[in-house]
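J.: Provided herewith: my_file_1.cif, mmCIF, C-alpha atoms and all ligand atoms.
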```cif
data_entry
#
loop_
_atom_site.group_PDB
_atom_site.id
_atom_site.type_symbol
_atom_site.label_atom_id
_atom_site.label_comp_id
_atom_site.auth_asym_id
_atom_site.auth_seq_id
_atom_site.Cartn_x
_atom_site.Cartn_y
_atom_site.Cartn_z
ATOM 1 C CA MET A 499 179.655 274.437 55.102
ATOM 2 C CA ASP A 500 176.014 273.335 55.020
ATOM 3 C CA ASN A 501 174.404 273.650 58.445
ATOM 4 C CA ARG A 502 173.559 269.944 58.736
ATOM 5 C CA THR A 503 177.104 268.961 57.797
ATOM 6 C CA GLU A 504 178.423 271.366 60.411
ATOM 7 C CA GLN A 505 176.183 269.941 63.153
ATOM 8 C CA LEU A 506 177.140 266.380 62.226
ATOM 9 C CA LYS A 507 180.791 267.366 62.318
ATOM 10 C CA GLU A 508 180.299 268.689 65.845
ATOM 11 C CA ILE A 509 178.918 265.298 66.839
ATOM 12 C CA ARG A 510 181.965 263.621 65.349
ATOM 13 C CA ASP A 511 184.318 265.951 67.224
ATOM 14 C CA GLU A 512 182.523 265.315 70.513
ATOM 15 C CA ILE A 513 182.650 261.553 70.042
ATOM 16 C CA LEU A 514 186.339 261.707 69.126
ATOM 17 C CA ARG A 515 187.079 263.111 72.599
ATOM 18 C CA LEU A 516 184.463 261.075 74.496
ATOM 19 C CA LYS A 517 186.832 259.810 77.193
ATOM 20 C CA GLU A 518 183.893 258.845 79.441
ATOM 21 C CA SER A 519 182.954 256.095 77.004
ATOM 22 C CA PRO A 520 183.842 252.563 78.174
ATOM 23 C CA LEU A 521 184.988 251.969 74.570
ATOM 24 C CA TYR A 522 187.324 254.990 74.317
ATOM 25 C CA GLU A 523 190.515 253.279 75.532
ATOM 26 C CA TYR A 524 189.895 250.250 73.328
ATOM 27 C CA ARG A 525 189.507 252.560 70.302
ATOM 28 C CA LYS A 526 192.758 254.383 71.122
ATOM 29 C CA LYS A 527 194.730 251.206 71.804
ATOM 30 C CA ASN A 528 193.762 249.743 68.438
ATOM 31 C CA ASN A 529 194.012 252.953 66.432
ATOM 32 C CA TYR A 530 190.361 252.576 65.532
ATOM 33 C CA TYR A 531 188.048 255.314 64.388
ATOM 34 C CA PRO A 532 184.626 256.045 65.787
ATOM 35 C CA VAL A 533 181.930 255.384 63.196
ATOM 36 C CA ILE A 534 179.555 258.311 63.125
ATOM 37 C CA GLY A 535 177.420 257.693 60.062
ATOM 38 C CA GLU A 536 177.466 258.173 56.334
ATOM 39 C CA GLY A 537 175.208 259.142 53.475
ATOM 40 C CA ASN A 538 172.795 261.860 52.466
ATOM 41 C CA HIS A 539 172.276 264.513 55.142
ATOM 42 C CA TYR A 540 168.841 265.149 53.603
ATOM 43 C CA ALA A 541 167.897 261.470 53.352
ATOM 44 C CA LYS A 542 164.228 260.547 53.655
ATOM 45 C CA ILE A 543 165.254 257.284 55.267
ATOM 46 C CA MET A 544 167.765 256.506 57.987
ATOM 47 C CA PHE A 545 169.085 253.000 58.717
ATOM 48 C CA ILE A 546 170.262 252.336 62.258
ATOM 49 C CA GLY A 547 172.471 249.332 63.018
ATOM 50 C CA GLU A 548 174.019 248.152 66.220
ATOM 51 C CA ALA A 549 177.714 248.983 66.536
ATOM 52 C CA PRO A 550 180.786 249.022 64.270
ATOM 53 C CA GLY A 551 182.620 245.786 63.596
ATOM 54 C CA GLU A 552 186.352 245.551 62.896
ATOM 55 C CA ASN A 553 186.217 246.741 59.265
ATOM 56 C CA GLU A 554 184.088 249.692 60.271
ATOM 57 C CA ALA A 555 186.347 250.675 63.174
ATOM 58 C CA LYS A 556 189.407 250.465 60.899
ATOM 59 C CA THR A 557 187.881 252.728 58.259
ATOM 60 C CA GLY A 558 185.405 254.887 60.176
ATOM 61 C CA ARG A 559 182.627 253.856 57.758
ATOM 62 C CA PRO A 560 179.414 252.066 58.777
ATOM 63 C CA PHE A 561 178.492 248.728 57.246
ATOM 64 C CA CYS A 562 181.582 248.415 55.052
ATOM 65 C CA GLY A 563 182.234 244.684 55.710
ATOM 66 C CA SER A 564 180.284 241.554 54.845
ATOM 67 C CA ALA A 565 177.028 242.668 56.549
ATOM 68 C CA GLY A 566 177.454 245.931 54.654
ATOM 69 C CA ARG A 567 177.591 244.097 51.353
ATOM 70 C CA VAL A 568 174.244 242.497 52.199
ATOM 71 C CA LEU A 569 172.836 245.910 53.122
ATOM 72 C CA THR A 570 174.002 247.426 49.831
ATOM 73 C CA GLU A 571 172.376 244.532 47.968
ATOM 74 C CA LEU A 572 169.102 245.022 49.861
ATOM 75 C CA LEU A 573 169.111 248.743 49.112
ATOM 76 C CA ASP A 574 169.813 247.992 45.487
ATOM 77 C CA SER A 575 166.779 245.663 45.380
ATOM 78 C CA ILE A 576 164.527 248.653 46.118
ATOM 79 C CA GLY A 577 166.348 251.057 43.811
ATOM 80 C CA LEU A 578 168.267 252.951 46.483
ATOM 81 C CA ARG A 579 171.961 253.682 46.536
ATOM 82 C CA ARG A 580 173.932 254.149 49.728
ATOM 83 C CA MET A 581 174.321 257.814 48.831
ATOM 84 C CA ASP A 582 170.507 258.244 48.861
ATOM 85 C CA VAL A 583 170.104 257.127 52.459
ATOM 86 C CA TYR A 584 171.793 257.795 55.803
ATOM 87 C CA ILE A 585 173.381 254.847 57.599
ATOM 88 C CA THR A 586 174.475 254.873 61.222
ATOM 89 C CA ASN A 587 174.555 252.795 64.428
ATOM 90 C CA ILE A 588 173.444 253.331 68.002
ATOM 91 C CA VAL A 589 176.890 252.624 69.420
ATOM 92 C CA LYS A 590 179.601 254.585 67.623
ATOM 93 C CA ASP A 591 182.705 252.670 68.766
ATOM 94 C CA ARG A 592 183.516 249.007 68.253
ATOM 95 C CA PRO A 593 182.780 246.725 71.219
ATOM 96 C CA PRO A 594 185.616 244.187 71.737
ATOM 97 C CA ASP A 595 185.221 240.876 69.874
ATOM 98 C CA ASN A 596 181.975 242.069 68.273
ATOM 99 C CA ARG A 597 180.102 241.320 71.451
ATOM 100 C CA ASP A 598 176.613 242.752 71.956
ATOM 101 C CA PRO A 599 176.597 246.363 73.095
ATOM 102 C CA LEU A 600 176.162 246.815 76.847
ATOM 103 C CA PRO A 601 173.351 248.967 78.262
ATOM 104 C CA GLU A 602 175.879 251.571 79.477
ATOM 105 C CA GLU A 603 177.390 251.777 75.978
ATOM 106 C CA ILE A 604 173.978 252.301 74.429
ATOM 107 C CA ALA A 605 173.235 254.933 77.091
ATOM 108 C CA ILE A 606 176.381 256.954 76.382
ATOM 109 C CA TYR A 607 176.023 256.990 72.579
ATOM 110 C CA ALA A 608 172.232 257.231 72.214
ATOM 111 C CA PRO A 609 172.078 261.012 72.742
ATOM 112 C CA PHE A 610 174.325 261.389 69.665
ATOM 113 C CA LEU A 611 171.964 259.214 67.629
ATOM 114 C CA GLU A 612 169.048 261.347 68.804
ATOM 115 C CA ARG A 613 170.840 264.473 67.633
ATOM 116 C CA GLN A 614 171.559 262.842 64.266
ATOM 117 C CA ILE A 615 167.873 262.006 63.872
ATOM 118 C CA ASN A 616 166.868 265.592 64.641
ATOM 119 C CA ILE A 617 169.458 267.002 62.234
ATOM 120 C CA ILE A 618 168.607 264.708 59.308
ATOM 121 C CA ARG A 619 164.876 264.602 60.069
ATOM 122 C CA PRO A 620 164.163 261.333 58.243
ATOM 123 C CA LYS A 621 160.569 260.445 57.353
ATOM 124 C CA ILE A 622 161.385 256.760 57.782
ATOM 125 C CA ILE A 623 163.652 255.094 60.330
ATOM 126 C CA ALA A 624 164.572 251.489 59.570
ATOM 127 C CA THR A 625 166.196 249.691 62.484
ATOM 128 C CA LEU A 626 168.645 246.881 61.741
ATOM 129 C CA GLY A 627 168.628 244.233 64.462
ATOM 130 C CA ARG A 628 167.061 243.975 67.875
ATOM 131 C CA PHE A 629 169.180 246.501 69.766
ATOM 132 C CA SER A 630 168.267 249.432 67.566
ATOM 133 C CA MET A 631 164.666 248.165 67.280
ATOM 134 C CA ASP A 632 164.377 248.064 71.042
ATOM 135 C CA TYR A 633 165.924 251.477 71.548
ATOM 136 C CA ILE A 634 164.002 253.277 68.790
ATOM 137 C CA MET A 635 160.614 251.719 69.592
ATOM 138 C CA ARG A 636 160.944 252.832 73.230
ATOM 139 C CA LYS A 637 162.294 256.224 72.286
ATOM 140 C CA PHE A 638 159.308 256.866 70.005
ATOM 141 C CA LEU A 639 156.822 255.669 72.647
ATOM 142 C CA LEU A 640 155.930 252.445 70.860
ATOM 143 C CA LEU A 641 156.399 250.316 73.948
ATOM 144 C CA LEU A 642 153.002 248.651 73.591
ATOM 145 C CA GLU A 643 153.800 247.623 70.019
ATOM 146 C CA LEU A 644 157.293 246.401 70.897
ATOM 147 C CA ASP A 645 157.614 242.634 70.581
ATOM 148 C CA SER A 646 160.314 240.187 69.548
ATOM 149 C CA ILE A 647 161.900 240.975 66.187
ATOM 150 C CA SER A 648 160.500 237.728 64.751
ATOM 151 C CA LYS A 649 157.002 239.151 65.356
ATOM 152 C CA ILE A 650 157.349 242.753 64.221
ATOM 153 C CA HIS A 651 159.999 242.738 61.479
ATOM 154 C CA GLY A 652 158.748 244.385 58.289
ATOM 155 C CA LYS A 653 155.829 246.111 60.069
ATOM 156 C CA VAL A 654 155.376 249.847 59.828
ATOM 157 C CA PHE A 655 154.723 251.932 62.963
ATOM 158 C CA LYS A 656 153.728 255.560 62.888
ATOM 159 C CA ALA A 657 155.287 257.808 65.518
ATOM 160 C CA LYS A 658 155.954 261.437 66.355
ATOM 161 C CA ALA A 659 159.417 262.917 66.162
ATOM 162 C CA ALA A 660 160.374 266.400 67.402
ATOM 163 C CA TYR A 661 160.155 267.584 63.755
ATOM 164 C CA GLY A 662 156.932 265.780 62.740
ATOM 165 C CA GLU A 663 155.608 262.385 61.715
ATOM 166 C CA VAL A 664 158.012 259.493 61.292
ATOM 167 C CA PHE A 665 157.501 255.878 60.235
ATOM 168 C CA ILE A 666 159.497 253.200 62.009
ATOM 169 C CA ILE A 667 160.232 249.855 60.357
ATOM 170 C CA PRO A 668 162.053 247.185 62.374
ATOM 171 C CA LEU A 669 164.188 244.958 60.158
ATOM 172 C CA TYR A 670 166.446 242.022 60.845
ATOM 173 C CA HIS A 671 170.138 242.799 60.943
ATOM 174 C CA PRO A 672 171.648 242.126 57.468
ATOM 175 C CA ALA A 673 174.279 239.871 59.090
ATOM 176 C CA VAL A 674 171.589 237.204 59.697
ATOM 177 C CA ALA A 675 171.696 236.448 55.971
ATOM 178 C CA LEU A 676 175.362 235.464 56.404
ATOM 179 C CA TYR A 677 174.756 232.745 58.952
ATOM 180 C CA ARG A 678 171.151 231.795 58.142
ATOM 181 C CA ALA A 679 170.860 231.858 54.354
ATOM 182 C CA PRO A 680 167.036 231.487 54.193
ATOM 183 C CA MET A 681 166.729 234.750 56.107
ATOM 184 C CA LYS A 682 167.909 236.647 53.068
ATOM 185 C CA LYS A 683 164.529 236.118 51.430
ATOM 186 C CA VAL A 684 162.818 237.538 54.524
ATOM 187 C CA LEU A 685 165.093 240.579 54.394
ATOM 188 C CA PHE A 686 164.302 241.159 50.708
ATOM 189 C CA GLU A 687 160.566 240.906 51.463
ATOM 190 C CA ASP A 688 160.833 243.324 54.375
ATOM 191 C CA PHE A 689 162.825 245.796 52.297
ATOM 192 C CA SER A 690 160.141 245.741 49.617
ATOM 193 C CA VAL A 691 157.769 247.194 52.268
ATOM 194 C CA ILE A 692 159.930 250.308 52.296
ATOM 195 C CA THR A 693 159.330 251.088 48.611
ATOM 196 C CA ASP A 694 155.711 252.297 48.750
ATOM 197 C CA LEU A 695 156.299 254.287 51.878
ATOM 198 C CA TYR A 696 159.472 255.866 50.510
ATOM 199 C CA ASN A 697 157.780 256.867 47.270
ATOM 200 C CA LYS A 698 155.209 258.869 49.244
ATOM 201 C CA PHE A 699 157.939 261.275 50.214
ATOM 202 C CA ASN A 700 159.427 261.842 46.780
HETATM 203 N N1 LIG B 1 176.999 245.800 62.009
HETATM 204 C C1 LIG B 1 176.408 246.910 62.507
HETATM 205 O O1 LIG B 1 175.435 246.831 63.253
HETATM 206 N N2 LIG B 1 176.897 248.087 62.134
HETATM 207 C C2 LIG B 1 177.927 248.235 61.295
HETATM 208 O O2 LIG B 1 178.297 249.373 61.001
HETATM 209 C C3 LIG B 1 178.512 247.053 60.790
HETATM 210 C C4 LIG B 1 178.042 245.851 61.167
#
```
Would you give me this structure, written as structure tokens?

T.:
Amino acid sequence: MDNRTEQLKEIRDEILRLKESPLYEYRKKNNYYPVIGEGNHYAKIMFIGEAPGENEAKTGRPFCGSAGRVLTELLDSIGLRRMDVYITNIVKDRPPDNRDPLPEEIAIYAPFLERQINIIRPKIIATLGRFSMDYIMRKFLLLLELDSISKIHGKVFKAKAAYGEVFIIPLYHPAVALYRAPMKKVLFEDFSVITDLYNKFN
């Protein structure tokens, strides 16, 4: 097995037995799966959402419901297929009733996300929604640039990862297009920012 695949599999195995997680019992009770991530283990770009919803927890696949359809459409608009990119979330198990993730849930799953980033070594990290924006901007020491998502969506920030330079782009969560239709245009515009940057690495 490819080394990256092996390391990602280890992460999956650890999360499967993560009894310390406040979401572990809820996963077991509902026969849900943890959602680790999916896509190209050599992707130049990684998308980071919030937490799995019901469809995701039932299948173990990120963004496979209605927000996922929007994400696939947005990727398509810039000529990327899901298999070209890597898609994951900060929180790997579904919070009950799709509520916002709690700080202690983010804290327990974030080290796994950090390992995923260092395994895949993306050149671009696109955050989807304010929770992943907030976490990633702080993690990459962009605290001074951190602002509300309405101010910094679609902007590109340069940062340093353990493996070299990385560009961070905060984006709105694709689900906003489902309840605020005009936001879809904003998402398309923000995604178009990715194109030039992405082409630099190909
Ligand atoms: N919303 C997210 O943030 N992640 C998913 O995987 C699905 C919906």

J.: So how many Å separate atom CA of A:Ser646 and atom CA of A:Met631, to one decimal?

T.: 9.4 Å

J.: How would you report the residues lying within 7 Å of ligand LIG 1 (chain B), as a list in words, if you count all atoms listed in the file?

T.: Gly547, Glu548, Ala549, Pro550, Gly551, Glu554, Pro560, Phe561, Cys562, Gly563, Ala565, Gly566, Thr586, Asn587 and Leu626 of chain A

J.: As an exercise, work out the distance from atom CA of A:Leu521 to atom CA of A:Ala605 in Å and give it to one decimal place.

T.: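 Atom CA of A:Leu521 sits 12.4 Å away from atom CA of A:Ala605.
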
J.: Please report the interatomic distance between atom CA of A:Tyr530 and atom CA of A:Ala555 in Å with one decimal.

T.: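 So the answer is 5.0 Å.
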
J.: With distances taken over only C-alpha atoms, which residue among A:Arg619, A:Tyr524, A:Thr503, A:Lys698 lies nearest A:Asp595?

T.: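 Using only C-alpha atoms, the shortest distance to A:Asp595 belongs to A:Tyr524.
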
J.: Starting from the PyMOL selection byres (((chain A and resi 582) around 8) and not hetatm), expand the selection into actual residues of this file and give them as a ChimeraX atom specification.

T.: /A:537-538,541,578-581,583-584
